[in-house]
Each structure stands twice: as C-alpha cells, then as structure tokens.
Amino acid sequence: MNMAIKAGAVAALGLLGAPALAAPVIADSVADFTGVQGLNGWHYGWYNFEDVGQEAGSVAVDTGAFHQFGYFDSDTGWWASSAFAAGGYPTGGAEPGSYAVITASRMHPNAPLGSANVVAEEHWAARRWISNVSGEVTLSGLIAHHHYDGAPIVGNGTEAHILVDGVSVFSYDVDLLDFEGIAYSLDLIVTEGTVIDFVVGGKGNPLFDATTFTARVTTPTPASVALLGLGGLVAGRRRRVL
C-alpha cells in the first residue's frame, strides 16, 4: 500500500471516530468451556501413551485414537474419566481411575503411581477443537506450570503440544518452576472439520503437574481491508478537490 494512502486512511478513521477493529473470536477454550462434550466444537479426553509417536521433540497421533472423557464434576469443573474420592484419588468404582483431568484453563496428565486407585497407564490429556470454518486462523494462548495454593512444589513438569490433524505444529517443555510460561501465537490454514488437539503429557510422577494451557481461535482482523478501502476513497476525493 502507498504510505500516503495508508496515512490518509488512518487520519480519516480518526476523524470519523471509528473504533479499532478487533480480531473476531471463533472459539475460546476458557469462555466456551462446559460440561457438554462437543459443544462449541470442544471435546475433552486423552491419548494413551502408546498412541503418541515421538521424534526429535515433536509428536504425532492418530486422531482416531482419541478417548473422550465420560465424567464431568460440576462442583470442581473437572472433566475426567471417573470421579475423585474425598482423599483426592480417582475412583471408577470397581476399577482404578486416572489423574488425567481437564478444566477451563488447566490440564493434567496421568502416569503410573504404584497405587491400586490409579490406572497403571500413561494418559496424555487432550483438549480438542474441531473447526467449523475454512481459511486463515490464529491460535493463541498461555502455557505454564500451575501451582495449587498450599501444595508442595514437586513433580516432574510436563510437555505441551498443539497438533493439527494429528501432526505437531508447536511444542513447549514446561518446567516444574515455569510459572510464567509462554504466550504463543500461530497462524494456520484450516478447513471445516480440521482437528486441533491441545495435548499435555507427563514426565513420570503424575502428581502436582497441572499445566495452564489456554487456546483462543481468531480470524484475521478486517482492519487492513477497511483501511485500504477508506484510504483509496480519501485519496480519490482529495484528487477531485485539487
């Protein structure tokens, strides 16, 4: 764009008092969070460790291996495979449960604990969004270690991944003391039905390794289009006046 036209467009917007155009939000993992699977395109579940392929710090999955959680605790706002007992252990009745949990903003994996109450399997917590749009989108959010008030600062940390149709597009290693974390932003091309998984895997002990992992999906702001059109209009009017 010609800089004079761009400057004229900005000035014209200022004169007209037009507000800044924000990027439209398509999906938000926190704002959209509910106790209903599939609502707003969001699903909550896990992958078994053996279904996660790892190579050079990147991961890949068969999206068909996704297991959907079957239990939602409305009091705590936790999605899980089973209920939790008063002592903090997952319980599935006659069967042991899993520490894999997803809330509005946090995720927690499971790993063998050597307890009869916990399944002897490694589960990678997975928050899934299925696209209902086609075109360019931006994924953004925060990944960081979460420390519960009063809990000991122990654990092994986690690893966080974003996968598009089963292929990793972003990975981040979450250290035990990484409370600040990273604010990520990725530009992607999606189609209706594209599967985006936000996955958290453990590194051993499953206790006290809750990870803040939020996700917002936006489309590009139309501001540049509006500026271009208005800038051309202003320049055209100026030429006619002169």
# chains A, B, ... in the order shown; residues from 1 in each chain; ligands from 1
>>> select_by_dssp(residues="segment 99-212 of chain A", states="strand (DSSP E)", output="PyMOL selection string")
chain A and resi 101-102+106-108+123-130+135-145+158-164+167-174+182-190+195-202+211-212
>>> residues_around(residues="Ile26 of chain A", least_positions_apart="4", cutoff="8 Å", atoms="only C-alpha atoms", output="MDAnalysis selection string")
chainID A and resid 216:219
>>> write_last_selection(atoms="N, CA and C atoms", output="compact mmCIF listing (two decimals), in the first residue's frame")
# COMPACT_ATOMS: atom_id res chain seq x y z
N ARG A 216 -7.23 -19.76 22.16
CA ARG A 216 -8.23 -18.91 21.52
C ARG A 216 -8.01 -18.97 20.02
N VAL A 217 -9.11 -19.09 19.27
CA VAL A 217 -9.05 -19.15 17.82
C VAL A 217 -9.70 -17.88 17.27
N THR A 218 -8.95 -17.11 16.49
CA THR A 218 -9.48 -15.88 15.91
C THR A 218 -9.23 -15.86 14.41
N THR A 219 -9.97 -15.02 13.71
CA THR A 219 -9.74 -14.80 12.29
C THR A 219 -9.02 -13.48 12.13
>>> residues_around(residues="Thr63 of chain A", least_positions_apart="4", cutoff="8 Å", atoms="only C-alpha atoms", output="ChimeraX atom specification")
/A:165-166,195
>>> residues_around(residues="Gly201 of chain A", least_positions_apart="3", cutoff="8 Å", atoms="only C-alpha atoms", output="PyMOL selection string")
chain A and resi 108-110+123-125+158-160
>>> closest_residue(among="A:Thr91, A:Glu121, A:Leu163, A:Val25", to="Glu50 of chain A", atoms="only C-alpha atoms")
A:Glu121
>>> select_by_dssp(residues="segment 38-180 of chain A", states="helix (DSSP H, G or I)", output="list in words")
Leu39, Asn40, Gly41, Phe49, Glu50, Asp51, Thr63, Gly64 and Ala65 of chain A
>>> residues_around(residues="Tyr44 of chain A", least_positions_apart="3", cutoff="10 Å", atoms="only C-alpha atoms", output="PyMOL selection string")
chain A and resi 33+35-38+66-70+72+79-81+101-103+125-129+197-198
>>> write_last_selection(atoms="N, CA and C atoms", output="mmCIF file, in the first residue's frame")
data_model
loop_
_atom_site.group_PDB
_atom_site.id
_atom_site.type_symbol
_atom_site.label_atom_id
_atom_site.label_comp_id
_atom_site.auth_asym_id
_atom_site.auth_seq_id
_atom_site.Cartn_x
_atom_site.Cartn_y
_atom_site.Cartn_z
ATOM 1 N N PHE A 33 -15.897 -23.207 27.710
ATOM 2 C CA PHE A 33 -15.828 -24.442 28.496
ATOM 3 C C PHE A 33 -17.181 -24.785 29.122
ATOM 4 N N GLY A 35 -19.775 -28.519 30.470
ATOM 5 C CA GLY A 35 -19.804 -29.929 30.830
ATOM 6 C C GLY A 35 -20.460 -30.779 29.762
ATOM 7 N N VAL A 36 -20.506 -30.266 28.541
ATOM 8 C CA VAL A 36 -21.130 -30.992 27.421
ATOM 9 C C VAL A 36 -20.083 -31.249 26.345
ATOM 10 N N GLN A 37 -19.839 -32.509 26.048
ATOM 11 C CA GLN A 37 -18.879 -32.858 25.004
ATOM 12 C C GLN A 37 -19.386 -32.381 23.643
ATOM 13 N N GLY A 38 -18.485 -31.738 22.883
ATOM 14 C CA GLY A 38 -18.813 -31.322 21.532
ATOM 15 C C GLY A 38 -19.422 -29.949 21.410
ATOM 16 N N PHE A 66 -8.197 -40.944 19.914
ATOM 17 C CA PHE A 66 -8.642 -40.046 20.984
ATOM 18 C C PHE A 66 -9.729 -40.717 21.824
ATOM 19 N N HIS A 67 -9.545 -40.697 23.156
ATOM 20 C CA HIS A 67 -10.540 -41.221 24.094
ATOM 21 C C HIS A 67 -11.276 -40.048 24.736
ATOM 22 N N GLN A 68 -12.574 -40.059 24.683
ATOM 23 C CA GLN A 68 -13.351 -38.959 25.236
ATOM 24 C C GLN A 68 -13.706 -39.235 26.683
ATOM 25 N N PHE A 69 -13.509 -38.222 27.546
ATOM 26 C CA PHE A 69 -13.882 -38.364 28.944
ATOM 27 C C PHE A 69 -15.385 -38.627 29.074
ATOM 28 N N GLY A 70 -15.730 -39.408 30.095
ATOM 29 C CA GLY A 70 -17.135 -39.718 30.315
ATOM 30 C C GLY A 70 -17.691 -39.157 31.602
ATOM 31 N N PHE A 72 -18.005 -35.578 34.163
ATOM 32 C CA PHE A 72 -17.798 -34.158 34.427
ATOM 33 C C PHE A 72 -18.296 -33.850 35.829
ATOM 34 N N TRP A 79 -13.265 -32.234 33.894
ATOM 35 C CA TRP A 79 -13.538 -33.377 33.039
ATOM 36 C C TRP A 79 -12.538 -34.464 33.403
ATOM 37 N N ALA A 80 -12.998 -35.692 33.562
ATOM 38 C CA ALA A 80 -12.121 -36.804 33.922
ATOM 39 C C ALA A 80 -12.759 -38.107 33.431
ATOM 40 N N SER A 81 -12.011 -39.189 33.582
ATOM 41 C CA SER A 81 -12.555 -40.482 33.170
ATOM 42 C C SER A 81 -13.435 -41.074 34.246
ATOM 43 N N VAL A 101 -6.980 -35.002 33.746
ATOM 44 C CA VAL A 101 -8.072 -34.075 34.057
ATOM 45 C C VAL A 101 -7.959 -32.843 33.166
ATOM 46 N N ILE A 102 -9.099 -32.279 32.803
ATOM 47 C CA ILE A 102 -9.124 -31.018 32.053
ATOM 48 C C ILE A 102 -10.151 -30.085 32.677
ATOM 49 N N THR A 103 -9.746 -28.835 32.919
ATOM 50 C CA THR A 103 -10.651 -27.792 33.392
ATOM 51 C C THR A 103 -10.707 -26.691 32.336
ATOM 52 N N ALA A 125 -3.439 -35.863 28.537
ATOM 53 C CA ALA A 125 -4.687 -35.108 28.482
ATOM 54 C C ALA A 125 -4.771 -34.354 27.155
ATOM 55 N N ALA A 126 -5.959 -34.339 26.544
ATOM 56 C CA ALA A 126 -6.113 -33.727 25.220
ATOM 57 C C ALA A 126 -7.418 -32.930 25.146
ATOM 58 N N ARG A 127 -7.276 -31.633 24.932
ATOM 59 C CA ARG A 127 -8.431 -30.767 24.665
ATOM 60 C C ARG A 127 -8.517 -30.602 23.146
ATOM 61 N N ARG A 128 -9.660 -30.900 22.585
ATOM 62 C CA ARG A 128 -9.797 -30.927 21.124
ATOM 63 C C ARG A 128 -10.808 -29.885 20.655
ATOM 64 N N TRP A 129 -10.431 -29.185 19.566
ATOM 65 C CA TRP A 129 -11.379 -28.289 18.895
ATOM 66 C C TRP A 129 -11.466 -28.700 17.442
ATOM 67 N N ASP A 197 -5.721 -30.557 18.327
ATOM 68 C CA ASP A 197 -5.588 -31.122 19.674
ATOM 69 C C ASP A 197 -4.558 -30.333 20.471
ATOM 70 N N PHE A 198 -4.927 -29.950 21.684
ATOM 71 C CA PHE A 198 -4.023 -29.303 22.626
ATOM 72 C C PHE A 198 -3.721 -30.358 23.693
#
>>> closest_residue(among="A:Glu136, A:Asp62, A:Asp178, A:Asp73", to="Val190 of chain A", atoms="only C-alpha atoms")
A:Glu136
>>> closest_residue(among="A:Tyr47, A:Ser105, A:Val118, A:Ala210", to="Pro90 of chain A", atoms="only C-alpha atoms")
A:Val118
